[in-house]
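Pasted below: model16.cif, mmCIF, C-alpha atoms and all ligand atoms; chains and numbers go by the auth columns.
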```cif
data_work
loop_
_atom_site.group_PDB
_atom_site.id
_atom_site.type_symbol
_atom_site.label_atom_id
_atom_site.label_comp_id
_atom_site.label_asym_id
_atom_site.label_seq_id
_atom_site.Cartn_x
_atom_site.Cartn_y
_atom_site.Cartn_z
_atom_site.B_iso_or_equiv
_atom_site.auth_seq_id
_atom_site.auth_asym_id
ATOM 1 C CA MET A 1 40.554 295.534 -49.822 0.00 1 A
ATOM 2 C CA GLN A 2 38.534 298.530 -50.980 0.00 2 A
ATOM 3 C CA PRO A 3 39.334 299.033 -54.684 0.00 3 A
ATOM 4 C CA GLU A 4 39.673 302.085 -56.897 0.00 4 A
ATOM 5 C CA LEU A 5 36.914 302.671 -59.450 0.00 5 A
ATOM 6 C CA THR A 6 37.288 304.654 -62.641 0.00 6 A
ATOM 7 C CA GLY A 7 34.428 306.494 -64.315 0.00 7 A
ATOM 8 C CA ALA A 8 34.342 308.772 -67.348 0.00 8 A
ATOM 9 C CA ARG A 9 35.362 311.879 -65.383 0.00 9 A
ATOM 10 C CA VAL A 10 36.247 310.670 -61.887 0.00 10 A
ATOM 11 C CA ARG A 11 38.340 308.216 -59.989 0.00 11 A
ATOM 12 C CA LEU A 12 36.911 306.805 -56.757 0.00 12 A
ATOM 13 C CA ARG A 13 39.521 305.698 -54.243 0.00 13 A
ATOM 14 C CA PRO A 14 39.638 304.914 -50.511 0.00 14 A
ATOM 15 C CA TRP A 15 40.115 307.886 -48.176 0.00 15 A
ATOM 16 C CA THR A 16 43.507 308.128 -46.463 0.00 16 A
ATOM 17 C CA PRO A 17 44.586 310.069 -43.344 0.00 17 A
ATOM 18 C CA ALA A 18 46.492 312.477 -45.626 0.00 18 A
ATOM 19 C CA ASP A 19 43.135 313.704 -47.014 0.00 19 A
ATOM 20 C CA ALA A 20 41.957 315.270 -43.735 0.00 20 A
ATOM 21 C CA ASP A 21 42.853 318.843 -44.740 0.00 21 A
ATOM 22 C CA ALA A 22 40.947 318.579 -48.030 0.00 22 A
ATOM 23 C CA VAL A 23 37.866 317.234 -46.229 0.00 23 A
ATOM 24 C CA PHE A 24 38.108 319.925 -43.548 0.00 24 A
ATOM 25 C CA ALA A 25 38.287 322.663 -46.193 0.00 25 A
ATOM 26 C CA ALA A 26 35.456 321.265 -48.351 0.00 26 A
ATOM 27 C CA CYS A 27 33.076 320.737 -45.434 0.00 27 A
ATOM 28 C CA GLN A 28 33.197 324.404 -44.384 0.00 28 A
ATOM 29 C CA ASP A 29 30.819 324.971 -47.319 0.00 29 A
ATOM 30 C CA PRO A 30 27.375 326.130 -46.115 0.00 30 A
ATOM 31 C CA GLY A 31 25.666 323.974 -48.763 0.00 31 A
ATOM 32 C CA ILE A 32 27.247 320.768 -47.490 0.00 32 A
ATOM 33 C CA GLN A 33 26.361 321.729 -43.922 0.00 33 A
ATOM 34 C CA GLN A 34 22.797 322.599 -44.935 0.00 34 A
ATOM 35 C CA TRP A 35 21.905 319.544 -47.006 0.00 35 A
ATOM 36 C CA THR A 36 23.860 316.685 -45.429 0.00 36 A
ATOM 37 C CA THR A 37 24.245 315.199 -41.974 0.00 37 A
ATOM 38 C CA VAL A 38 27.889 316.304 -41.555 0.00 38 A
ATOM 39 C CA PRO A 39 28.556 317.957 -38.187 0.00 39 A
ATOM 40 C CA SER A 40 28.036 321.723 -38.078 0.00 40 A
ATOM 41 C CA PRO A 41 30.252 323.521 -37.255 0.00 41 A
ATOM 42 C CA TYR A 42 32.676 321.128 -38.983 0.00 42 A
ATOM 43 C CA THR A 43 35.978 320.819 -37.106 0.00 43 A
ATOM 44 C CA ARG A 44 39.380 319.489 -38.124 0.00 44 A
ATOM 45 C CA GLU A 45 38.796 316.589 -35.706 0.00 45 A
ATOM 46 C CA ASP A 46 35.624 315.736 -37.643 0.00 46 A
ATOM 47 C CA ALA A 47 37.688 315.542 -40.843 0.00 47 A
ATOM 48 C CA VAL A 48 40.363 313.376 -39.239 0.00 48 A
ATOM 49 C CA ALA A 49 37.703 311.021 -37.854 0.00 49 A
ATOM 50 C CA TYR A 50 35.993 310.824 -41.263 0.00 50 A
ATOM 51 C CA VAL A 51 39.054 309.754 -43.247 0.00 51 A
ATOM 52 C CA SER A 52 40.667 307.641 -40.501 0.00 52 A
ATOM 53 C CA THR A 53 37.700 305.965 -38.796 0.00 53 A
ATOM 54 C CA VAL A 54 34.304 306.551 -40.422 0.00 54 A
ATOM 55 C CA ALA A 55 35.282 305.637 -43.993 0.00 55 A
ATOM 56 C CA PRO A 56 37.289 302.491 -43.094 0.00 56 A
ATOM 57 C CA GLN A 57 34.461 301.432 -40.769 0.00 57 A
ATOM 58 C CA ALA A 58 31.985 301.689 -43.662 0.00 58 A
ATOM 59 C CA TRP A 59 34.049 299.124 -45.585 0.00 59 A
ATOM 60 C CA ASP A 60 34.120 296.821 -42.550 0.00 60 A
ATOM 61 C CA ASP A 61 30.317 297.156 -42.346 0.00 61 A
ATOM 62 C CA GLY A 62 29.780 296.015 -45.947 0.00 62 A
ATOM 63 C CA GLY A 63 29.545 299.504 -47.435 0.00 63 A
ATOM 64 C CA ALA A 64 32.175 301.647 -49.129 0.00 64 A
ATOM 65 C CA VAL A 65 32.963 305.350 -48.852 0.00 65 A
ATOM 66 C CA PHE A 66 35.242 306.834 -51.504 0.00 66 A
ATOM 67 C CA ALA A 67 37.175 310.010 -52.156 0.00 67 A
ATOM 68 C CA VAL A 68 36.114 311.338 -55.557 0.00 68 A
ATOM 69 C CA GLU A 69 38.982 312.681 -57.639 0.00 69 A
ATOM 70 C CA ASP A 70 38.594 314.751 -60.789 0.00 70 A
ATOM 71 C CA LEU A 71 40.328 312.602 -63.424 0.00 71 A
ATOM 72 C CA ALA A 72 41.345 315.752 -65.297 0.00 72 A
ATOM 73 C CA THR A 73 43.272 317.327 -62.412 0.00 73 A
ATOM 74 C CA GLY A 74 43.792 314.574 -59.831 0.00 74 A
ATOM 75 C CA GLU A 75 42.313 316.879 -57.196 0.00 75 A
ATOM 76 C CA ILE A 76 39.830 315.721 -54.591 0.00 76 A
ATOM 77 C CA ALA A 77 36.355 316.788 -55.696 0.00 77 A
ATOM 78 C CA GLY A 78 34.229 315.236 -52.964 0.00 78 A
ATOM 79 C CA SER A 79 32.985 312.134 -51.223 0.00 79 A
ATOM 80 C CA ILE A 80 30.493 309.441 -52.165 0.00 80 A
ATOM 81 C CA GLY A 81 29.575 306.153 -50.597 0.00 81 A
ATOM 82 C CA ALA A 82 27.333 303.840 -48.681 0.00 82 A
ATOM 83 C CA HIS A 83 27.825 303.433 -44.940 0.00 83 A
ATOM 84 C CA GLY A 84 27.007 299.725 -44.871 0.00 84 A
ATOM 85 C CA MET A 85 24.605 297.433 -46.715 0.00 85 A
ATOM 86 C CA VAL A 86 21.569 295.782 -45.135 0.00 86 A
ATOM 87 C CA ASP A 87 19.661 293.014 -46.982 0.00 87 A
ATOM 88 C CA GLY A 88 21.312 294.054 -50.254 0.00 88 A
ATOM 89 C CA VAL A 89 20.184 297.676 -49.924 0.00 89 A
ATOM 90 C CA ALA A 90 22.943 300.264 -50.316 0.00 90 A
ATOM 91 C CA HIS A 91 22.029 303.698 -48.952 0.00 91 A
ATOM 92 C CA ILE A 92 24.142 306.308 -50.723 0.00 92 A
ATOM 93 C CA GLY A 93 25.256 309.784 -49.706 0.00 93 A
ATOM 94 C CA TYR A 94 27.524 312.344 -51.385 0.00 94 A
ATOM 95 C CA TRP A 95 28.902 315.865 -51.259 0.00 95 A
ATOM 96 C CA THR A 96 31.135 317.739 -53.649 0.00 96 A
ATOM 97 C CA ALA A 97 33.414 320.686 -52.851 0.00 97 A
ATOM 98 C CA ALA A 98 31.996 323.990 -54.085 0.00 98 A
ATOM 99 C CA ALA A 99 34.915 324.572 -56.490 0.00 99 A
ATOM 100 C CA ALA A 100 34.360 321.197 -58.190 0.00 100 A
ATOM 101 C CA ARG A 101 30.614 321.530 -58.835 0.00 101 A
ATOM 102 C CA GLY A 102 28.784 321.928 -62.116 0.00 102 A
ATOM 103 C CA ARG A 103 31.101 319.708 -64.165 0.00 103 A
ATOM 104 C CA GLY A 104 29.163 316.462 -64.013 0.00 104 A
ATOM 105 C CA LEU A 105 31.603 314.911 -61.545 0.00 105 A
ATOM 106 C CA THR A 106 29.008 313.875 -58.972 0.00 106 A
ATOM 107 C CA SER A 107 26.615 312.298 -61.450 0.00 107 A
ATOM 108 C CA ASP A 108 29.520 310.346 -62.951 0.00 108 A
ATOM 109 C CA ALA A 109 30.627 309.309 -59.448 0.00 109 A
ATOM 110 C CA LEU A 110 27.102 308.140 -58.617 0.00 110 A
ATOM 111 C CA ARG A 111 26.809 306.151 -61.864 0.00 111 A
ATOM 112 C CA THR A 112 30.217 304.571 -61.253 0.00 112 A
ATOM 113 C CA LEU A 113 29.523 303.680 -57.631 0.00 113 A
ATOM 114 C CA THR A 114 26.070 302.257 -58.386 0.00 114 A
ATOM 115 C CA ARG A 115 27.326 300.064 -61.245 0.00 115 A
ATOM 116 C CA TRP A 116 30.035 298.657 -58.964 0.00 116 A
ATOM 117 C CA LEU A 117 27.586 298.042 -56.093 0.00 117 A
ATOM 118 C CA PHE A 118 25.385 296.008 -58.444 0.00 118 A
ATOM 119 C CA ASP A 119 28.120 294.189 -60.372 0.00 119 A
ATOM 120 C CA GLU A 120 30.734 293.546 -57.693 0.00 120 A
ATOM 121 C CA ARG A 121 29.026 293.877 -54.308 0.00 121 A
ATOM 122 C CA GLY A 122 25.772 292.094 -55.021 0.00 122 A
ATOM 123 C CA ALA A 123 23.535 295.039 -54.172 0.00 123 A
ATOM 124 C CA ALA A 124 19.891 294.483 -55.087 0.00 124 A
ATOM 125 C CA ARG A 125 18.892 298.108 -54.618 0.00 125 A
ATOM 126 C CA ALA A 126 20.672 301.461 -54.361 0.00 126 A
ATOM 127 C CA GLU A 127 18.798 304.288 -52.663 0.00 127 A
ATOM 128 C CA LEU A 128 19.300 307.837 -51.508 0.00 128 A
ATOM 129 C CA VAL A 129 17.146 310.502 -49.919 0.00 129 A
ATOM 130 C CA VAL A 130 17.047 314.172 -50.884 0.00 130 A
ATOM 131 C CA GLU A 131 15.180 317.197 -49.588 0.00 131 A
ATOM 132 C CA PRO A 132 12.677 318.339 -52.241 0.00 132 A
ATOM 133 C CA ALA A 133 14.347 321.784 -52.386 0.00 133 A
ATOM 134 C CA ASN A 134 17.812 320.353 -53.112 0.00 134 A
ATOM 135 C CA THR A 135 17.569 320.795 -56.873 0.00 135 A
ATOM 136 C CA ALA A 136 21.235 320.068 -57.581 0.00 136 A
ATOM 137 C CA SER A 137 21.126 316.722 -55.784 0.00 137 A
ATOM 138 C CA ILE A 138 17.848 315.745 -57.440 0.00 138 A
ATOM 139 C CA ARG A 139 19.435 316.442 -60.842 0.00 139 A
ATOM 140 C CA VAL A 140 22.425 314.273 -59.870 0.00 140 A
ATOM 141 C CA ALA A 141 20.148 311.385 -58.844 0.00 141 A
ATOM 142 C CA GLU A 142 18.071 311.597 -62.021 0.00 142 A
ATOM 143 C CA ALA A 143 21.163 311.942 -64.230 0.00 143 A
ATOM 144 C CA ALA A 144 22.457 308.702 -62.683 0.00 144 A
ATOM 145 C CA GLY A 145 19.240 306.826 -63.497 0.00 145 A
ATOM 146 C CA PHE A 146 17.552 306.975 -60.089 0.00 146 A
ATOM 147 C CA THR A 147 13.745 307.113 -59.850 0.00 147 A
ATOM 148 C CA ALA A 148 11.714 309.096 -57.320 0.00 148 A
ATOM 149 C CA GLU A 149 9.504 306.764 -55.308 0.00 149 A
ATOM 150 C CA GLY A 150 7.741 309.182 -53.010 0.00 150 A
ATOM 151 C CA VAL A 151 8.048 311.550 -50.092 0.00 151 A
ATOM 152 C CA LEU A 152 9.036 310.244 -46.678 0.00 152 A
ATOM 153 C CA ARG A 153 7.407 312.694 -44.304 0.00 153 A
ATOM 154 C CA GLN A 154 9.509 314.129 -41.483 0.00 154 A
ATOM 155 C CA ARG A 155 12.017 311.311 -42.027 0.00 155 A
ATOM 156 C CA LEU A 156 15.325 313.115 -41.435 0.00 156 A
ATOM 157 C CA VAL A 157 16.727 315.535 -38.886 0.00 157 A
ATOM 158 C CA LEU A 158 19.111 318.071 -40.442 0.00 158 A
ATOM 159 C CA ARG A 159 20.646 320.734 -38.199 0.00 159 A
ATOM 160 C CA GLY A 160 17.916 320.138 -35.646 0.00 160 A
ATOM 161 C CA ARG A 161 15.164 320.564 -38.274 0.00 161 A
ATOM 162 C CA ARG A 162 12.935 317.584 -39.012 0.00 162 A
ATOM 163 C CA VAL A 163 12.379 317.481 -42.766 0.00 163 A
ATOM 164 C CA ASP A 164 10.541 315.611 -45.510 0.00 164 A
ATOM 165 C CA VAL A 165 12.754 313.794 -48.035 0.00 165 A
ATOM 166 C CA VAL A 166 12.191 312.230 -51.435 0.00 166 A
ATOM 167 C CA MET A 167 13.277 308.584 -51.679 0.00 167 A
ATOM 168 C CA TYR A 168 15.177 307.794 -54.896 0.00 168 A
ATOM 169 C CA SER A 169 16.180 304.295 -55.936 0.00 169 A
ATOM 170 C CA ARG A 170 17.831 302.382 -58.730 0.00 170 A
ATOM 171 C CA LEU A 171 17.605 298.621 -59.292 0.00 171 A
ATOM 172 C CA PRO A 172 20.104 296.525 -61.288 0.00 172 A
ATOM 173 C CA GLY A 173 17.624 296.148 -64.156 0.00 173 A
ATOM 174 C CA ASP A 174 16.850 299.897 -64.451 0.00 174 A
HETATM 175 C C1 LIG B . 24.471 318.168 -54.969 0.00 1 B
HETATM 176 C C2 LIG B . 25.935 318.244 -55.409 0.00 1 B
HETATM 177 C C3 LIG B . 26.650 317.006 -54.939 0.00 1 B
HETATM 178 C C4 LIG B . 25.957 318.342 -56.948 0.00 1 B
HETATM 179 O O1 LIG B . 27.292 318.232 -57.365 0.00 1 B
HETATM 180 P P1 LIG B . 27.778 318.615 -58.841 0.00 1 B
HETATM 181 O O2 LIG B . 29.116 317.997 -59.018 0.00 1 B
HETATM 182 O O3 LIG B . 27.641 320.071 -59.070 0.00 1 B
HETATM 183 O O4 LIG B . 26.729 317.856 -59.780 0.00 1 B
HETATM 184 P P2 LIG B . 26.934 317.583 -61.334 0.00 1 B
HETATM 185 O O5 LIG B . 27.909 318.567 -61.905 0.00 1 B
HETATM 186 O O6 LIG B . 27.169 316.138 -61.514 0.00 1 B
HETATM 187 O O7 LIG B . 25.509 318.014 -61.881 0.00 1 B
HETATM 188 C C5 LIG B . 24.499 317.081 -62.166 0.00 1 B
HETATM 189 C C6 LIG B . 23.290 317.841 -62.661 0.00 1 B
HETATM 190 O O8 LIG B . 22.839 318.761 -61.672 0.00 1 B
HETATM 191 C C7 LIG B . 22.730 320.061 -62.236 0.00 1 B
HETATM 192 N N1 LIG B . 23.040 321.014 -61.176 0.00 1 B
HETATM 193 C C8 LIG B . 24.183 321.101 -60.464 0.00 1 B
HETATM 194 N N2 LIG B . 24.077 322.106 -59.560 0.00 1 B
HETATM 195 C C9 LIG B . 22.851 322.648 -59.728 0.00 1 B
HETATM 196 C C10 LIG B . 22.151 323.710 -59.095 0.00 1 B
HETATM 197 N N3 LIG B . 22.699 324.415 -58.079 0.00 1 B
HETATM 198 N N4 LIG B . 20.900 323.995 -59.526 0.00 1 B
HETATM 199 C C11 LIG B . 20.338 323.286 -60.528 0.00 1 B
HETATM 200 N N5 LIG B . 20.950 322.259 -61.151 0.00 1 B
HETATM 201 C C12 LIG B . 22.186 321.947 -60.758 0.00 1 B
HETATM 202 C C13 LIG B . 23.715 320.067 -63.351 0.00 1 B
HETATM 203 O O9 LIG B . 23.406 321.033 -64.313 0.00 1 B
HETATM 204 C C14 LIG B . 23.562 318.677 -63.894 0.00 1 B
HETATM 205 O O10 LIG B . 22.385 318.622 -64.663 0.00 1 B
HETATM 206 P P3 LIG B . 22.307 317.785 -66.015 0.00 1 B
HETATM 207 O O11 LIG B . 22.612 316.336 -65.641 0.00 1 B
HETATM 208 O O12 LIG B . 20.927 317.994 -66.451 0.00 1 B
HETATM 209 O O13 LIG B . 23.367 318.387 -66.887 0.00 1 B
HETATM 210 C C15 LIG B . 26.628 319.487 -54.821 0.00 1 B
HETATM 211 O O14 LIG B . 25.918 320.641 -55.188 0.00 1 B
HETATM 212 C C16 LIG B . 26.763 319.429 -53.310 0.00 1 B
HETATM 213 O O15 LIG B . 27.713 318.873 -52.785 0.00 1 B
HETATM 214 N N6 LIG B . 25.798 320.036 -52.579 0.00 1 B
HETATM 215 C C17 LIG B . 25.843 320.078 -51.116 0.00 1 B
HETATM 216 C C18 LIG B . 25.746 318.690 -50.490 0.00 1 B
HETATM 217 C C19 LIG B . 24.510 317.926 -50.936 0.00 1 B
HETATM 218 O O16 LIG B . 23.469 318.493 -51.230 0.00 1 B
HETATM 219 N N7 LIG B . 24.648 316.594 -50.988 0.00 1 B
HETATM 220 C C20 LIG B . 23.553 315.717 -51.353 0.00 1 B
HETATM 221 C C21 LIG B . 22.605 315.522 -50.218 0.00 1 B
HETATM 222 S S1 LIG B . 21.190 314.530 -50.728 0.00 1 B
#
```
Transcribe the structure of this file into structure tokens.
Amino acid sequence: MQPELTGARVRLRPWTPADADAVFAACQDPGIQQWTTVPSPYTREDAVAYVSTVAPQAWDDGGAVFAVEDLATGEIAGSIGAHGMVDGVAHIGYWTAAAARGRGLTSDALRTLTRWLFDERGAARAELVVEPANTASIRVAEAAGFTAEGVLRQRLVLRGRRVDVVMYSRLPGD
């Protein structure tokens, strides 16, 4: 069963169907729609599918997608997780609701998730990709001990645009 993880500032817990409204509201944010692969426009059905189907499926596929709660308030701050694990490589993605940003919650969530992937799930490598212009996400990755490895040219399609991304990784010994 997917566990709950506690960091310094956040609690990571499995998504539940009752969270659909919070996901729907958070994902209206233009920043989340610009920088991640969430559907755009983002509908209520997308939110229901995310918490009821996509997140549980990630666990069945060897990954884990968590709701991130602010420990201080108990409110949902965002989402973080890996949608499966292939050959010990966990590929991580995250978004945080606009109102919860700038408080170190995402970097704490990323540190917490990565430690658990290494210690409890046997991951040999955690990785994530970021557009070079996404300064906030790059700061999150670096704050959580990830290292830039290089630019993957034209690797991702976001909103119909094919873009370059920087590959970041962290290994258990880093
Ligand atoms: C990227 C995102 C998750 C950051 O969330 P956050 O909770 O604000 O991040 P944190 O508070 O943990 O901040 C971590 C670092 O980033 C810095 N930071 C946060 N927002 C920033 C911004 N807009 N510009 C510059 N730096 C920023 C913080 O100052 C902090 O730096 P520090 O470690 O040197 O103190 C959030 O902005 C977001 O959801 N963006 C849209 C979706 C997205 O880009 N997802 C990632 C796709 S790769």
Distance query range 73-89 of chain A at most 8 Å, all atoms listed in the file, self and fewer than 2 positions along chain excluded, as a PyMOL selection string: chain A and resi 22-23+26+55+58-59+61-71+91-97+99-100+105+109-110+113+122-127
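The interatomic distance for the pair atom C8 of ligand LIG 1 (chain B) and CA of Gln28 in chain A works out to 18.7 Å.
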Resolved residues for the PyMOL selection byres (((chain A and resi 148-161) around 8) and not hetatm) as JSON, numbers by chain: {"A": [34, 35, 36, 37, 40, 146, 147, 162, 163, 164, 165, 166, 167, 168, 169]}
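Across the structure, CA of Ala98 in chain A and atom O15 of ligand LIG 1 (chain B) are spaced 6.8 Å apart.
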Length of the CA of Asp19 in chain A to CA of Val48 in chain A vector [Å]: 8.3 Å
With N, CA, C and O atoms as the target, complete range 54-78 of chain A and hand it back as an mmCIF file, keeping the file's coordinate frame.
```cif
data_model
loop_
_atom_site.group_PDB
_atom_site.id
_atom_site.type_symbol
_atom_site.label_atom_id
_atom_site.label_comp_id
_atom_site.auth_asym_id
_atom_site.auth_seq_id
_atom_site.Cartn_x
_atom_site.Cartn_y
_atom_site.Cartn_z
ATOM 1 N N VAL A 54 35.653 306.730 -39.869
ATOM 2 C CA VAL A 54 34.304 306.551 -40.422
ATOM 3 C C VAL A 54 34.355 305.808 -41.763
ATOM 4 O O VAL A 54 33.633 304.824 -41.971
ATOM 5 N N ALA A 55 35.228 306.266 -42.663
ATOM 6 C CA ALA A 55 35.282 305.637 -43.993
ATOM 7 C C ALA A 55 35.782 304.190 -43.923
ATOM 8 O O ALA A 55 35.147 303.295 -44.504
ATOM 9 N N PRO A 56 36.882 303.890 -43.208
ATOM 10 C CA PRO A 56 37.289 302.491 -43.094
ATOM 11 C C PRO A 56 36.226 301.616 -42.425
ATOM 12 O O PRO A 56 36.036 300.459 -42.802
ATOM 13 N N GLN A 57 35.518 302.193 -41.452
ATOM 14 C CA GLN A 57 34.461 301.432 -40.769
ATOM 15 C C GLN A 57 33.341 301.057 -41.732
ATOM 16 O O GLN A 57 32.764 299.968 -41.651
ATOM 17 N N ALA A 58 33.036 301.972 -42.674
ATOM 18 C CA ALA A 58 31.985 301.689 -43.662
ATOM 19 C C ALA A 58 32.338 300.445 -44.464
ATOM 20 O O ALA A 58 31.484 299.609 -44.749
ATOM 21 N N TRP A 59 33.619 300.314 -44.831
ATOM 22 C CA TRP A 59 34.049 299.124 -45.585
ATOM 23 C C TRP A 59 33.889 297.875 -44.729
ATOM 24 O O TRP A 59 33.396 296.837 -45.194
ATOM 25 N N ASP A 60 34.259 297.971 -43.454
ATOM 26 C CA ASP A 60 34.120 296.821 -42.550
ATOM 27 C C ASP A 60 32.652 296.436 -42.366
ATOM 28 O O ASP A 60 32.342 295.280 -42.084
ATOM 29 N N ASP A 61 31.755 297.405 -42.533
ATOM 30 C CA ASP A 61 30.317 297.156 -42.346
ATOM 31 C C ASP A 61 29.614 296.722 -43.634
ATOM 32 O O ASP A 61 28.384 296.696 -43.683
ATOM 33 N N GLY A 62 30.393 296.468 -44.697
ATOM 34 C CA GLY A 62 29.780 296.015 -45.947
ATOM 35 C C GLY A 62 29.442 297.135 -46.912
ATOM 36 O O GLY A 62 28.899 296.891 -47.989
ATOM 37 N N GLY A 63 29.752 298.374 -46.531
ATOM 38 C CA GLY A 63 29.545 299.504 -47.435
ATOM 39 C C GLY A 63 30.863 299.914 -48.076
ATOM 40 O O GLY A 63 31.808 299.106 -48.146
ATOM 41 N N ALA A 64 30.935 301.125 -48.547
ATOM 42 C CA ALA A 64 32.175 301.647 -49.129
ATOM 43 C C ALA A 64 32.034 303.156 -49.300
ATOM 44 O O ALA A 64 31.089 303.608 -49.939
ATOM 45 N N VAL A 65 32.954 303.897 -48.702
ATOM 46 C CA VAL A 65 32.963 305.350 -48.852
ATOM 47 C C VAL A 65 34.243 305.740 -49.567
ATOM 48 O O VAL A 65 35.340 305.317 -49.157
ATOM 49 N N PHE A 66 34.105 306.513 -50.639
ATOM 50 C CA PHE A 66 35.242 306.834 -51.504
ATOM 51 C C PHE A 66 35.513 308.331 -51.568
ATOM 52 O O PHE A 66 34.575 309.140 -51.577
ATOM 53 N N ALA A 67 36.798 308.673 -51.699
ATOM 54 C CA ALA A 67 37.175 310.010 -52.156
ATOM 55 C C ALA A 67 36.941 310.052 -53.656
ATOM 56 O O ALA A 67 37.282 309.112 -54.370
ATOM 57 N N VAL A 68 36.343 311.147 -54.118
ATOM 58 C CA VAL A 68 36.114 311.338 -55.557
ATOM 59 C C VAL A 68 37.183 312.294 -56.072
ATOM 60 O O VAL A 68 37.284 313.428 -55.603
ATOM 61 N N GLU A 69 37.968 311.820 -57.019
ATOM 62 C CA GLU A 69 38.982 312.681 -57.639
ATOM 63 C C GLU A 69 38.553 313.049 -59.047
ATOM 64 O O GLU A 69 38.016 312.216 -59.789
ATOM 65 N N ASP A 70 38.810 314.299 -59.408
ATOM 66 C CA ASP A 70 38.594 314.751 -60.789
ATOM 67 C C ASP A 70 39.709 314.134 -61.641
ATOM 68 O O ASP A 70 40.892 314.400 -61.411
ATOM 69 N N LEU A 71 39.311 313.282 -62.599
ATOM 70 C CA LEU A 71 40.328 312.602 -63.424
ATOM 71 C C LEU A 71 41.206 313.610 -64.170
ATOM 72 O O LEU A 71 42.382 313.370 -64.414
ATOM 73 N N ALA A 72 40.609 314.765 -64.498
ATOM 74 C CA ALA A 72 41.345 315.752 -65.297
ATOM 75 C C ALA A 72 42.471 316.408 -64.515
ATOM 76 O O ALA A 72 43.510 316.753 -65.086
ATOM 77 N N THR A 73 42.283 316.581 -63.208
ATOM 78 C CA THR A 73 43.272 317.327 -62.412
ATOM 79 C C THR A 73 43.919 316.491 -61.315
ATOM 80 O O THR A 73 44.956 316.884 -60.772
ATOM 81 N N GLY A 74 43.297 315.380 -60.943
ATOM 82 C CA GLY A 74 43.792 314.574 -59.831
ATOM 83 C C GLY A 74 43.406 315.133 -58.471
ATOM 84 O O GLY A 74 43.723 314.558 -57.433
ATOM 85 N N GLU A 75 42.686 316.267 -58.479
ATOM 86 C CA GLU A 75 42.313 316.879 -57.196
ATOM 87 C C GLU A 75 41.079 316.212 -56.592
ATOM 88 O O GLU A 75 40.222 315.712 -57.326
ATOM 89 N N ILE A 76 41.008 316.268 -55.265
ATOM 90 C CA ILE A 76 39.830 315.721 -54.591
ATOM 91 C C ILE A 76 38.636 316.623 -54.868
ATOM 92 O O ILE A 76 38.684 317.828 -54.616
ATOM 93 N N ALA A 77 37.565 316.029 -55.410
ATOM 94 C CA ALA A 77 36.355 316.788 -55.696
ATOM 95 C C ALA A 77 35.331 316.635 -54.575
ATOM 96 O O ALA A 77 34.605 317.577 -54.260
ATOM 97 N N GLY A 78 35.255 315.443 -53.976
ATOM 98 C CA GLY A 78 34.229 315.236 -52.964
ATOM 99 C C GLY A 78 34.253 313.834 -52.409
ATOM 100 O O GLY A 78 35.280 313.134 -52.502
#
```
